[in-house]
$ cat target-v3.csv   # CSV, C-alpha atoms
chain,number,residue,atom,x,y,z
A,23,MET,CA,-53.5,45.1,-8.4
A,24,ARG,CA,-49.9,46.1,-8.2
A,25,LEU,CA,-49.8,44.7,-4.7
A,26,ALA,CA,-51.3,41.4,-5.9
A,27,LEU,CA,-48.7,41.2,-8.7
A,28,PHE,CA,-45.9,41.9,-6.2
A,29,ALA,CA,-47.1,39.2,-3.9
A,30,VAL,CA,-47.2,36.7,-6.7
A,31,ALA,CA,-43.6,37.7,-7.6
A,32,VAL,CA,-42.6,37.1,-4.0
A,33,LEU,CA,-44.1,33.6,-4.2
A,34,VAL,CA,-42.5,32.8,-7.5
A,35,ALA,CA,-39.2,33.9,-6.3
A,36,ALA,CA,-39.5,31.7,-3.2
A,37,ARG,CA,-40.4,28.8,-5.4
A,38,ALA,CA,-37.8,29.3,-8.1
A,39,PRO,CA,-34.9,27.3,-6.5
A,40,GLN,CA,-37.3,24.5,-5.6
A,41,SER,CA,-37.2,22.7,-9.0
A,42,GLU,CA,-35.7,19.8,-7.0
A,43,ARG,CA,-38.5,19.5,-4.5
A,44,CYS,CA,-37.1,16.4,-2.8
A,45,ASN,CA,-33.6,16.7,-1.5
A,46,VAL,CA,-32.7,14.4,1.4
A,47,ILE,CA,-29.2,13.5,2.5
A,48,ALA,CA,-27.6,10.9,4.9
A,49,THR,CA,-23.9,10.7,5.6
A,50,ASN,CA,-21.7,8.2,7.4
A,51,THR,CA,-17.9,7.9,7.9
A,52,VAL,CA,-16.1,4.6,7.0
A,53,ALA,CA,-12.6,3.3,6.9
A,54,PHE,CA,-12.3,2.0,3.3
A,55,SER,CA,-9.2,3.5,1.6
A,56,ALA,CA,-7.0,2.8,4.6
A,57,PRO,CA,-7.4,1.2,8.0
A,58,ASP,CA,-7.5,4.6,9.7
A,59,ALA,CA,-9.2,6.6,6.8
A,60,ARG,CA,-12.2,8.8,7.5
A,61,ASP,CA,-13.9,8.3,4.1
A,62,VAL,CA,-17.4,10.0,3.9
A,63,VAL,CA,-20.3,8.2,2.4
A,64,THR,CA,-23.1,10.5,1.3
A,65,VAL,CA,-26.4,9.3,-0.1
A,66,ARG,CA,-28.7,11.9,-1.6
A,67,ALA,CA,-32.2,11.6,-3.0
A,68,THR,CA,-33.3,14.4,-5.3
A,69,GLY,CA,-36.1,14.9,-7.7
A,70,PRO,CA,-39.3,16.8,-8.4
A,71,SER,CA,-40.9,14.7,-5.7
A,72,CYS,CA,-39.5,12.0,-3.5
A,73,ASP,CA,-41.4,9.2,-5.2
A,74,LYS,CA,-39.6,10.2,-8.4
A,75,ALA,CA,-36.2,10.7,-6.8
A,76,VAL,CA,-32.8,9.6,-8.0
A,77,GLY,CA,-30.4,8.3,-5.4
A,78,LEU,CA,-26.8,9.3,-5.7
A,79,TYR,CA,-24.2,7.3,-3.7
A,80,THR,CA,-20.9,9.0,-3.3
A,81,ILE,CA,-17.8,8.2,-1.2
A,82,ARG,CA,-15.1,10.8,-0.7
A,83,ASP,CA,-11.8,10.7,1.1
A,84,ALA,CA,-11.2,13.1,4.0
A,85,GLU,CA,-9.9,15.8,1.6
A,86,GLY,CA,-13.1,15.6,-0.4
A,87,ASN,CA,-11.7,13.7,-3.4
A,88,PRO,CA,-14.3,11.4,-4.9
A,89,ILE,CA,-13.6,7.7,-4.5
A,90,TRP,CA,-16.9,6.3,-5.9
A,91,ALA,CA,-20.1,7.7,-7.5
A,92,TRP,CA,-23.1,5.7,-8.4
A,93,ALA,CA,-26.7,6.6,-9.1
A,94,ILE,CA,-30.1,4.8,-9.4
A,95,SER,CA,-33.8,5.6,-9.7
A,96,LEU,CA,-35.0,4.8,-6.2
A,97,LYS,CA,-38.3,3.5,-7.5
A,98,GLN,CA,-36.7,1.3,-10.1
A,99,GLY,CA,-34.1,0.0,-7.8
A,100,PHE,CA,-35.9,-0.3,-4.5
A,101,GLY,CA,-39.6,-0.1,-5.2
A,102,ASP,CA,-41.8,2.2,-3.1
A,103,VAL,CA,-39.3,3.3,-0.5
A,104,ALA,CA,-40.6,6.9,-0.7
A,105,ASP,CA,-44.0,8.5,-1.2
A,106,ALA,CA,-44.1,12.0,-2.8
A,107,LYS,CA,-43.1,13.8,0.4
A,108,GLY,CA,-40.5,11.2,1.4
A,109,ALA,CA,-41.5,10.7,5.0
A,110,GLN,CA,-39.7,7.3,5.0
A,111,LEU,CA,-36.6,8.5,3.1
A,112,PRO,CA,-34.4,9.6,6.0
A,113,ALA,CA,-34.6,6.1,7.6
A,114,PHE,CA,-33.9,4.4,4.3
A,115,LEU,CA,-31.0,6.6,3.3
A,116,SER,CA,-29.5,6.3,6.8
A,117,ARG,CA,-29.4,2.5,6.3
A,118,TRP,CA,-28.1,2.8,2.7
A,119,ALA,CA,-25.3,5.0,4.0
A,120,LYS,CA,-24.0,2.1,6.1
A,121,PRO,CA,-22.1,-0.1,3.7
A,122,THR,CA,-20.2,-3.3,4.8
A,123,ILE,CA,-16.5,-3.2,4.8
A,124,SER,CA,-14.6,-6.5,4.3
A,125,ARG,CA,-11.8,-8.0,2.1
A,126,THR,CA,-11.8,-9.3,-1.4
A,127,GLY,CA,-10.5,-12.6,-0.2
A,128,THR,CA,-14.1,-13.4,0.9
A,129,ILE,CA,-15.6,-13.2,-2.7
A,130,PRO,CA,-16.4,-16.4,-4.5
A,131,ASP,CA,-14.1,-17.9,-7.1
A,132,PHE,CA,-14.6,-16.5,-10.6
A,133,ALA,CA,-16.0,-19.9,-11.8
A,134,ARG,CA,-18.9,-19.6,-9.3
A,135,LEU,CA,-20.1,-16.3,-10.6
A,136,ALA,CA,-23.3,-16.0,-12.6
A,137,GLU,CA,-23.0,-14.4,-16.0
A,138,GLY,CA,-22.9,-10.6,-15.8
A,139,GLN,CA,-22.1,-10.5,-12.1
A,140,THR,CA,-18.7,-8.8,-12.8
A,141,THR,CA,-17.4,-6.8,-15.7
A,142,LEU,CA,-13.8,-7.9,-14.9
A,143,ASP,CA,-12.1,-10.6,-16.8
A,144,ARG,CA,-11.1,-13.8,-14.9
A,145,LEU,CA,-7.5,-13.0,-14.5
A,146,THR,CA,-8.1,-9.5,-13.0
A,147,TYR,CA,-10.9,-10.8,-10.8
A,148,GLN,CA,-8.8,-13.6,-9.4
A,149,ASP,CA,-5.8,-11.3,-8.9
A,150,ILE,CA,-8.0,-8.9,-6.8
A,151,ARG,CA,-9.4,-11.8,-4.9
A,152,ALA,CA,-6.0,-13.3,-4.1
A,153,ARG,CA,-4.6,-9.9,-2.9
A,154,ASN,CA,-7.3,-9.6,-0.3
A,155,LEU,CA,-7.8,-5.9,-0.9
A,156,PRO,CA,-10.3,-3.7,1.1
A,157,MET,CA,-13.9,-4.2,-0.2
A,158,LEU,CA,-17.0,-2.1,0.3
A,159,CYS,CA,-20.5,-3.3,-0.5
A,160,HIS,CA,-23.6,-1.1,-0.6
A,161,PHE,CA,-27.2,-1.8,-1.6
A,162,SER,CA,-27.8,-1.5,-5.4
A,163,GLY,CA,-31.4,-2.6,-5.4
A,164,THR,CA,-33.9,-4.7,-3.5
A,165,ALA,CA,-31.9,-7.7,-2.0
A,166,LYS,CA,-28.9,-6.7,-4.2
A,167,GLU,CA,-25.6,-5.2,-3.4
A,168,LEU,CA,-22.7,-3.8,-5.3
A,169,CYS,CA,-19.1,-4.3,-4.2
A,170,ILE,CA,-16.1,-2.2,-5.0
A,171,PHE,CA,-12.5,-2.7,-4.2
A,172,TRP,CA,-9.7,-0.4,-3.2
A,173,GLU,CA,-6.5,-0.5,-5.3
A,174,PRO,CA,-3.8,1.0,-3.1
A,175,ALA,CA,-1.2,1.2,-5.9
A,176,ALA,CA,-3.5,3.4,-8.0
A,177,GLY,CA,-5.2,5.1,-5.0
A,178,ALA,CA,-8.5,4.4,-6.6
A,179,ALA,CA,-11.6,2.2,-6.3
A,180,GLY,CA,-13.1,0.0,-8.9
A,181,LEU,CA,-16.3,-2.0,-9.4
A,182,LEU,CA,-15.8,-5.6,-8.4
A,183,LEU,CA,-19.2,-7.4,-8.6
A,184,GLU,CA,-22.9,-7.2,-8.0
A,185,ARG,CA,-24.7,-10.0,-6.0
A,186,ASN,CA,-27.8,-10.9,-4.2
A,187,TYR,CA,-27.8,-10.8,-0.4
A,188,GLU,CA,-30.1,-11.7,2.4
A,189,GLU,CA,-31.8,-8.8,4.1
A,190,THR,CA,-31.0,-10.4,7.4
A,191,ASN,CA,-27.3,-10.0,6.7
A,192,ARG,CA,-27.5,-6.4,8.0
B,6,MET,CA,-49.7,48.8,7.4
B,7,ARG,CA,-52.0,46.7,5.2
B,8,VAL,CA,-49.2,46.4,2.7
B,9,ILE,CA,-46.7,45.2,5.3
B,10,LEU,CA,-49.2,42.6,6.6
B,11,PHE,CA,-50.0,41.4,3.1
B,12,LEU,CA,-46.3,41.0,2.2
B,13,LEU,CA,-45.7,39.2,5.5
B,14,ALA,CA,-48.6,36.9,4.8
B,15,SER,CA,-47.1,36.2,1.3
B,16,LEU,CA,-43.7,35.5,2.7
B,17,ALA,CA,-45.2,33.1,5.3
B,18,LEU,CA,-47.1,31.3,2.5
B,19,ALA,CA,-43.9,31.1,0.5
B,20,ALA,CA,-42.1,29.7,3.5
B,21,CYS,CA,-44.8,27.0,3.7
B,22,VAL,CA,-44.3,26.1,0.0
B,23,GLN,CA,-40.5,25.8,0.6
B,24,ARG,CA,-41.0,23.4,3.5
B,25,GLU,CA,-43.1,21.0,1.4
B,26,GLY,CA,-41.1,17.8,1.2
B,27,PRO,CA,-38.0,17.1,3.2
B,28,THR,CA,-35.1,19.3,2.1
B,29,ARG,CA,-31.7,20.1,3.4
B,30,PRO,CA,-29.7,23.3,2.8
B,31,GLN,CA,-26.5,23.3,0.8
B,32,GLY,CA,-23.4,22.7,2.9
B,33,ALA,CA,-19.7,23.3,2.4
B,34,GLY,CA,-19.5,20.1,0.4
B,35,ASP,CA,-21.7,21.6,-2.2
B,36,ALA,CA,-19.5,24.5,-3.3
B,37,CYS,CA,-19.7,23.2,-6.9
B,38,THR,CA,-23.4,22.8,-7.4
B,39,HIS,CA,-24.3,23.5,-11.0
B,40,SER,CA,-26.8,22.0,-13.5
B,41,ALA,CA,-27.8,22.0,-17.1
B,42,THR,CA,-30.9,20.7,-18.8
B,43,HIS,CA,-31.7,19.7,-22.3
B,44,ASP,CA,-34.9,18.5,-23.8
B,45,VAL,CA,-34.8,15.5,-26.1
B,46,SER,CA,-37.3,13.4,-28.0
B,47,TRP,CA,-36.6,9.8,-27.1
B,48,SER,CA,-39.0,7.7,-25.1
B,49,ASN,CA,-42.1,9.3,-26.4
B,50,PRO,CA,-42.3,11.2,-29.7
B,51,ASP,CA,-45.2,13.2,-28.4
B,52,ALA,CA,-43.7,14.4,-25.1
B,53,ALA,CA,-40.1,15.5,-24.7
B,54,ASP,CA,-37.8,13.9,-22.1
B,55,THR,CA,-35.4,16.1,-20.1
B,56,VAL,CA,-31.8,15.4,-19.6
B,57,THR,CA,-30.3,17.0,-16.5
B,58,ALA,CA,-26.6,17.0,-15.8
B,59,THR,CA,-25.6,18.1,-12.2
B,60,SER,CA,-22.4,18.6,-10.4
B,61,GLN,CA,-21.8,18.5,-6.7
B,62,GLY,CA,-18.6,18.7,-4.7
B,63,PRO,CA,-16.5,20.7,-2.3
B,64,SER,CA,-14.7,22.1,-5.4
B,65,CYS,CA,-15.3,21.6,-9.1
B,66,ALA,CA,-12.1,19.7,-9.5
B,67,GLN,CA,-13.5,17.2,-7.0
B,68,ALA,CA,-17.0,17.2,-8.3
B,69,VAL,CA,-19.2,14.2,-8.9
B,70,VAL,CA,-21.4,14.6,-12.0
B,71,THR,CA,-24.9,13.0,-12.3
B,72,PHE,CA,-26.7,12.4,-15.6
B,73,VAL,CA,-30.5,11.8,-15.4
B,74,VAL,CA,-33.0,11.4,-18.1
B,75,ARG,CA,-36.6,12.0,-17.0
B,76,ASN,CA,-39.8,11.6,-19.0
B,77,ALA,CA,-42.4,14.3,-19.3
B,78,HIS,CA,-44.0,13.2,-16.0
B,79,GLY,CA,-40.7,13.6,-14.2
B,80,ASP,CA,-40.1,9.8,-13.8
B,81,PRO,CA,-36.4,9.0,-14.0
B,82,LEU,CA,-35.7,6.8,-17.0
B,83,TRP,CA,-31.9,6.6,-16.8
B,84,THR,CA,-29.3,7.6,-14.3
B,85,PHE,CA,-25.6,7.7,-14.4
B,86,ALA,CA,-22.9,9.1,-12.1
B,87,SER,CA,-19.2,9.5,-12.3
B,88,THR,CA,-16.4,11.9,-11.3
B,89,TYR,CA,-15.8,15.1,-13.3
B,90,TYR,CA,-12.2,14.0,-13.6
B,91,ASP,CA,-13.1,10.7,-15.3
B,92,LEU,CA,-15.6,12.3,-17.6
B,93,HIS,CA,-13.3,15.2,-18.6
B,94,THR,CA,-9.8,13.7,-18.4
B,95,GLY,CA,-10.2,10.0,-17.9
B,96,GLY,CA,-9.6,7.7,-15.0
B,97,THR,CA,-8.4,9.0,-11.6
B,98,PRO,CA,-5.7,11.5,-10.8
B,99,PRO,CA,-2.3,9.8,-10.2
B,100,PRO,CA,-1.7,9.3,-6.5
B,101,GLY,CA,-0.4,12.4,-4.8
B,102,VAL,CA,-1.3,14.6,-7.8
B,103,THR,CA,-3.8,17.4,-7.2
B,104,PRO,CA,-6.1,17.8,-10.3
B,105,PRO,CA,-6.1,21.3,-11.8
B,106,ALA,CA,-8.6,23.8,-10.5
B,107,VAL,CA,-11.9,24.0,-12.4
B,108,SER,CA,-14.0,27.2,-12.3
B,109,GLY,CA,-17.7,27.3,-12.0
B,110,GLU,CA,-17.9,28.7,-15.5
B,111,GLU,CA,-15.9,25.8,-16.9
B,112,MET,CA,-18.2,23.3,-15.1
B,113,GLU,CA,-21.3,25.0,-16.4
B,114,LYS,CA,-19.9,24.8,-19.9
B,115,PHE,CA,-19.0,21.1,-19.4
B,116,LEU,CA,-22.5,20.3,-18.1
B,117,GLN,CA,-24.2,22.1,-21.0
B,118,SER,CA,-22.2,19.9,-23.4
B,119,PHE,CA,-22.8,16.7,-21.3
B,120,ALA,CA,-26.6,17.2,-21.2
B,121,ASP,CA,-26.7,18.0,-24.9
B,122,VAL,CA,-26.9,14.3,-25.9
B,123,THR,CA,-26.6,13.0,-29.4
B,124,THR,CA,-29.8,11.6,-30.8
B,125,MET,CA,-29.9,9.1,-33.6
B,126,ALA,CA,-31.9,6.1,-34.8
B,127,SER,CA,-30.8,2.5,-34.1
B,128,GLY,CA,-30.7,1.9,-37.8
B,129,GLN,CA,-27.6,4.2,-37.9
B,130,LEU,CA,-25.6,1.9,-35.7
B,131,PRO,CA,-22.9,-0.3,-37.3
B,132,ASP,CA,-24.0,-3.7,-38.3
B,133,TRP,CA,-22.8,-6.9,-36.6
B,134,ALA,CA,-21.6,-9.1,-39.3
B,135,GLU,CA,-22.2,-12.8,-39.0
B,136,GLY,CA,-19.3,-14.5,-37.3
B,137,ALA,CA,-17.8,-11.3,-36.1
B,138,PRO,CA,-17.2,-10.9,-32.3
B,139,ALA,CA,-19.0,-7.5,-32.1
B,140,PRO,CA,-20.5,-4.7,-34.2
B,141,ALA,CA,-17.9,-2.8,-36.2
B,142,ASP,CA,-17.7,0.2,-38.4
B,143,ALA,CA,-14.8,0.1,-40.9
B,144,THR,CA,-15.0,3.8,-41.3
B,145,ARG,CA,-14.5,4.7,-37.6
B,146,PRO,CA,-11.6,3.6,-35.4
B,147,PHE,CA,-13.9,2.5,-32.5
B,148,HIS,CA,-14.4,-0.7,-30.6
B,149,TYR,CA,-18.1,-1.5,-30.1
B,150,SER,CA,-19.6,-3.7,-27.4
B,151,THR,CA,-23.1,-4.7,-26.5
B,152,ALA,CA,-24.7,-7.0,-23.9
B,153,TYR,CA,-27.2,-8.2,-26.6
B,154,THR,CA,-26.8,-11.3,-28.7
B,155,ARG,CA,-26.3,-10.6,-32.4
B,156,ASP,CA,-29.8,-11.6,-33.3
B,157,ILE,CA,-31.4,-9.2,-30.8
B,158,TYR,CA,-28.9,-6.4,-31.7
B,159,GLU,CA,-29.7,-6.7,-35.4
B,160,ALA,CA,-33.5,-6.8,-34.6
B,161,LEU,CA,-33.2,-3.6,-32.6
B,162,ARG,CA,-31.1,-2.0,-35.3
B,163,ALA,CA,-33.8,-3.0,-37.9
B,164,SER,CA,-36.5,-1.5,-35.7
B,165,ASN,CA,-34.9,2.0,-36.2
B,166,ARG,CA,-35.9,3.2,-32.7
B,167,ALA,CA,-34.7,6.5,-31.2
B,168,LEU,CA,-31.4,6.4,-29.4
B,169,VAL,CA,-29.7,8.9,-27.1
B,170,CYS,CA,-25.9,8.7,-26.8
B,171,TYR,CA,-23.9,10.3,-24.0
B,172,ALA,CA,-20.3,10.3,-22.8
B,173,ALA,CA,-19.9,7.7,-20.1
B,174,ALA,CA,-16.2,8.5,-19.7
B,175,ALA,CA,-13.6,10.8,-21.4
B,176,GLU,CA,-13.3,8.4,-24.3
B,177,ALA,CA,-16.4,6.2,-24.0
B,178,THR,CA,-19.9,6.7,-25.3
B,179,GLN,CA,-23.0,4.7,-24.4
B,180,CYS,CA,-26.2,4.7,-26.5
B,181,LEU,CA,-29.6,4.0,-24.9
B,182,ILE,CA,-32.6,2.5,-26.4
B,183,VAL,CA,-36.1,1.8,-25.0
B,184,ASP,CA,-36.0,-2.0,-25.3
B,185,PRO,CA,-39.4,-3.2,-26.6
B,186,ALA,CA,-39.0,-6.4,-24.6
B,187,SER,CA,-38.9,-4.7,-21.2
B,188,ASN,CA,-40.3,-1.3,-22.3
B,189,GLY,CA,-37.4,0.1,-20.3
B,190,PRO,CA,-34.2,1.9,-21.2
B,191,ALA,CA,-31.1,-0.2,-21.8
B,192,VAL,CA,-27.6,0.3,-23.2
B,193,ILE,CA,-27.7,-1.0,-26.8
B,194,VAL,CA,-24.1,-0.3,-27.5
B,195,ALA,CA,-21.0,1.2,-25.9
B,196,PHE,CA,-18.0,2.4,-28.0
B,197,GLY,CA,-14.7,4.2,-27.8
B,198,PRO,CA,-11.2,4.1,-29.2

$ encode --input "target-v3.csv" --output "structure tokens"
Amino acid sequence: MRLALFAVAVLVAARAPQSERCNVIATNTVAFSAPDARDVVTVRATGPSCDKAVGLYTIRDAEGNPIWAWAISLKQGFGDVADAKGAQLPAFLSRWAKPTISRTGTIPDFARLAEGQTTLDRLTYQDIRARNLPMLCHFSGTAKELCIFWEPAAGAAGLLLERNYEETNR
Amino acid sequence: MRVILFLLASLALAACVQREGPTRPQGAGDACTHSATHDVSWSNPDAADTVTATSQGPSCAQAVVTFVVRNAHGDPLWTFASTYYDLHTGGTPPPGVTPPAVSGEEMEKFLQSFADVTTMASGQLPDWAEGAPAPADATRPFHYSTAYTRDIYEALRASNRALVCYAAAAEATQCLIVDPASNGPAVIVAFGP
């Protein structure tokens, strides 16, 4: 009996740290905060099972300072990208970790935005567009992407807009 | 001998359990991995939701903090992520300035407080007077904003539904409601000085 109890204790101890049973990561290096920067994109899916996982998107500079953090329920944002065991997750996260880098001069004029596409006011948006700053866009849902800009004067990133995109763009 | 074999078999079984589902070990970038949970009655009065606040980062001063509300089945209802610096101090450190060190204990205390959300009923929110640009409370020095129209905001307020309110930045609070139109969570109001 004592032996059985001990074996159960071993099992429980082994399971204890597994409250987050799904924990899958993909990383990628991009040049966003400067032309020669080695910023690290990390996407991480965690949850009690992979079909209930939350995706955390972070970008850090080479010193580990956070530049951007964003989270979403994978199911709500992307549909059935993962079953409970997450067999498809590594491939999905690997794609998610590859944002596009461009310049803010390519974004549409403020007048062409749909309501709610940006939280910036017209003046700020147009100023960021005119200054042609570095811009990074990552998936934020099925056929949707979120774009952030880099403000060199502040040494910080900010949310620019969210927009639809064609899957074939990538 | 039987004891050793039995324990080895138990450990092997435990190892199988640990391998279930794809996992990765913690790396050097996870030196500040902490979490706090708090149960809250929000989306279902008969089954508590769980708020989990988690930190990750190469140091706690550089941590990213995640806020997740899950229902009793473990389905995520709401997610939010920001930097510890923005939540604790506000904004980003000035260029060239290294933020002060944060200990693991300080982070755990912060996460406990972050996960301990405020609960209230939508009827307790300030009213949105006709003709006013936004809801307002003359007794509190806060600016309120909402993505809802006045009619919908007032209808949600009158429905007196459960809200959870959390700190979305050092000086900004967001209150969540389960919107009856979508049956999903939404920010009913955000406020701050």

$ residues_around --input "target-v3.csv" --residues "Val56 of chain B" --least-positions-apart "6" --cutoff "8 Å" --atoms "only C-alpha atoms" --output "VMD selection string"
chain B and resid 42 to 45 72 to 75 120 to 121

$ closest_residue --input "target-v3.csv" --among "A:Leu115, A:Leu145, A:Ala84, A:Leu96" --to "Gly163 of chain A" --atoms "only C-alpha atoms"
A:Leu96

$ residues_around --input "target-v3.csv" --residues "Ile123 of chain A" --least-positions-apart "6" --cutoff "9 Å" --atoms "all atoms listed in the file" --output "ChimeraX atom specification"
/A:52-54,156-159

$ residues_around --input "target-v3.csv" --residues "Thr140 of chain A" --least-positions-apart "4" --cutoff "7 Å" --atoms "all atoms listed in the file" --output "NGL selection string"
:A and (182-184)

$ residues_around --input "target-v3.csv" --residues "Ser71 of chain A" --least-positions-apart "2" --cutoff "7 Å" --atoms "all atoms listed in the file" --output "list in words"
Arg43, Cys44, Gly69, Asp73, Lys74, Ala75, Ala106 and Lys107 of chain A

$ residues_around --input "target-v3.csv" --residues "segment 87-95 of chain B" --least-positions-apart "3" --cutoff "7 Å" --atoms "all atoms listed in the file" --output "mmCIF file with C-alpha atoms, in the coordinates of the input"
data_model
loop_
_atom_site.group_PDB
_atom_site.id
_atom_site.type_symbol
_atom_site.label_atom_id
_atom_site.label_comp_id
_atom_site.auth_asym_id
_atom_site.auth_seq_id
_atom_site.Cartn_x
_atom_site.Cartn_y
_atom_site.Cartn_z
ATOM 1 C CA PRO A 88 -14.300 11.400 -4.900
ATOM 2 C CA ALA A 91 -20.100 7.700 -7.500
ATOM 3 C CA TRP A 92 -23.100 5.700 -8.400
ATOM 4 C CA ALA B 68 -17.000 17.200 -8.300
ATOM 5 C CA VAL B 69 -19.200 14.200 -8.900
ATOM 6 C CA VAL B 70 -21.400 14.600 -12.000
ATOM 7 C CA THR B 71 -24.900 13.000 -12.300
ATOM 8 C CA ALA B 173 -19.900 7.700 -20.100
ATOM 9 C CA ALA B 174 -16.200 8.500 -19.700
ATOM 10 C CA ALA B 175 -13.600 10.800 -21.400
#

$ atom_distance --input "target-v3.csv" --atom1 "atom CA of Ala126 of chain B" --atom2 "atom CA of Ser60 of chain B"
29.0 Å

$ closest_residue --input "target-v3.csv" --among "A:Thr164, A:Gln110, A:Ser95, A:Thr49" --to "chain B" --atoms "all atoms listed in the file"
A:Ser95

$ atom_distance --input "target-v3.csv" --atom1 "atom CA of Gln148 of chain A" --atom2 "atom CA of Trp90 of chain A"
21.8 Å

$ build_atoms --input "target-v3.csv" --residues "segment 76-97 of chain B" --atoms "N, CA and C atoms" --output "PDB file, keeping the file's coordinate frame"
ATOM      1  N   ASN B  76     -38.777  11.409 -18.024  1.00  0.00           N
ATOM      2  CA  ASN B  76     -39.800  11.600 -19.000  1.00  0.00           C
ATOM      3  C   ASN B  76     -40.643  12.836 -18.696  1.00  0.00           C
ATOM      4  N   ALA B  77     -41.672  13.093 -19.504  1.00  0.00           N
ATOM      5  CA  ALA B  77     -42.400  14.300 -19.300  1.00  0.00           C
ATOM      6  C   ALA B  77     -43.169  14.391 -18.002  1.00  0.00           C
ATOM      7  N   HIS B  78     -43.347  13.221 -17.353  1.00  0.00           N
ATOM      8  CA  HIS B  78     -44.000  13.200 -16.000  1.00  0.00           C
ATOM      9  C   HIS B  78     -42.995  13.355 -14.898  1.00  0.00           C
ATOM     10  N   GLY B  79     -41.727  13.427 -15.235  1.00  0.00           N
ATOM     11  CA  GLY B  79     -40.700  13.600 -14.200  1.00  0.00           C
ATOM     12  C   GLY B  79     -40.157  12.259 -13.676  1.00  0.00           C
ATOM     13  N   ASP B  80     -40.620  11.137 -14.234  1.00  0.00           N
ATOM     14  CA  ASP B  80     -40.100   9.800 -13.800  1.00  0.00           C
ATOM     15  C   ASP B  80     -38.706   9.614 -14.349  1.00  0.00           C
ATOM     16  N   PRO B  81     -37.767   9.203 -13.514  1.00  0.00           N
ATOM     17  CA  PRO B  81     -36.400   9.000 -14.000  1.00  0.00           C
ATOM     18  C   PRO B  81     -36.372   7.712 -14.921  1.00  0.00           C
ATOM     19  N   LEU B  82     -35.823   7.874 -16.106  1.00  0.00           N
ATOM     20  CA  LEU B  82     -35.700   6.800 -17.000  1.00  0.00           C
ATOM     21  C   LEU B  82     -34.292   6.170 -17.006  1.00  0.00           C
ATOM     22  N   TRP B  83     -33.317   7.036 -16.801  1.00  0.00           N
ATOM     23  CA  TRP B  83     -31.900   6.600 -16.800  1.00  0.00           C
ATOM     24  C   TRP B  83     -31.090   7.456 -15.886  1.00  0.00           C
ATOM     25  N   THR B  84     -30.202   6.813 -15.153  1.00  0.00           N
ATOM     26  CA  THR B  84     -29.300   7.600 -14.300  1.00  0.00           C
ATOM     27  C   THR B  84     -27.884   7.081 -14.458  1.00  0.00           C
ATOM     28  N   PHE B  85     -26.981   7.986 -14.263  1.00  0.00           N
ATOM     29  CA  PHE B  85     -25.600   7.700 -14.400  1.00  0.00           C
ATOM     30  C   PHE B  85     -24.782   8.664 -13.549  1.00  0.00           C
ATOM     31  N   ALA B  86     -23.746   8.206 -12.891  1.00  0.00           N
ATOM     32  CA  ALA B  86     -22.900   9.100 -12.100  1.00  0.00           C
ATOM     33  C   ALA B  86     -21.453   8.760 -12.268  1.00  0.00           C
ATOM     34  N   SER B  87     -20.622   9.761 -12.278  1.00  0.00           N
ATOM     35  CA  SER B  87     -19.200   9.500 -12.300  1.00  0.00           C
ATOM     36  C   SER B  87     -18.489  10.783 -11.791  1.00  0.00           C
ATOM     37  N   THR B  88     -17.177  10.734 -11.779  1.00  0.00           N
ATOM     38  CA  THR B  88     -16.400  11.900 -11.300  1.00  0.00           C
ATOM     39  C   THR B  88     -16.211  12.837 -12.539  1.00  0.00           C
ATOM     40  N   TYR B  89     -16.105  14.129 -12.258  1.00  0.00           N
ATOM     41  CA  TYR B  89     -15.800  15.100 -13.300  1.00  0.00           C
ATOM     42  C   TYR B  89     -14.456  14.708 -13.963  1.00  0.00           C
ATOM     43  N   TYR B  90     -13.508  14.297 -13.131  1.00  0.00           N
ATOM     44  CA  TYR B  90     -12.200  14.000 -13.600  1.00  0.00           C
ATOM     45  C   TYR B  90     -12.247  12.846 -14.665  1.00  0.00           C
ATOM     46  N   ASP B  91     -13.015  11.802 -14.344  1.00  0.00           N
ATOM     47  CA  ASP B  91     -13.100  10.700 -15.300  1.00  0.00           C
ATOM     48  C   ASP B  91     -13.804  11.063 -16.553  1.00  0.00           C
ATOM     49  N   LEU B  92     -14.824  11.890 -16.438  1.00  0.00           N
ATOM     50  CA  LEU B  92     -15.600  12.300 -17.600  1.00  0.00           C
ATOM     51  C   LEU B  92     -14.767  13.275 -18.491  1.00  0.00           C
ATOM     52  N   HIS B  93     -13.980  14.103 -17.835  1.00  0.00           N
ATOM     53  CA  HIS B  93     -13.300  15.200 -18.600  1.00  0.00           C
ATOM     54  C   HIS B  93     -11.875  14.718 -19.016  1.00  0.00           C
ATOM     55  N   THR B  94     -11.154  14.032 -18.105  1.00  0.00           N
ATOM     56  CA  THR B  94      -9.800  13.700 -18.400  1.00  0.00           C
ATOM     57  C   THR B  94      -9.573  12.189 -18.588  1.00  0.00           C
ATOM     58  N   GLY B  95     -10.310  11.424 -17.798  1.00  0.00           N
ATOM     59  CA  GLY B  95     -10.200  10.000 -17.900  1.00  0.00           C
ATOM     60  C   GLY B  95      -9.536   9.354 -16.691  1.00  0.00           C
ATOM     61  N   GLY B  96     -10.165   8.356 -16.084  1.00  0.00           N
ATOM     62  CA  GLY B  96      -9.600   7.700 -15.000  1.00  0.00           C
ATOM     63  C   GLY B  96      -9.594   8.462 -13.672  1.00  0.00           C
ATOM     64  N   THR B  97      -8.553   8.276 -12.888  1.00  0.00           N
ATOM     65  CA  THR B  97      -8.400   9.000 -11.600  1.00  0.00           C
ATOM     66  C   THR B  97      -7.073   9.731 -11.629  1.00  0.00           C
TER      67      THR B  97
END
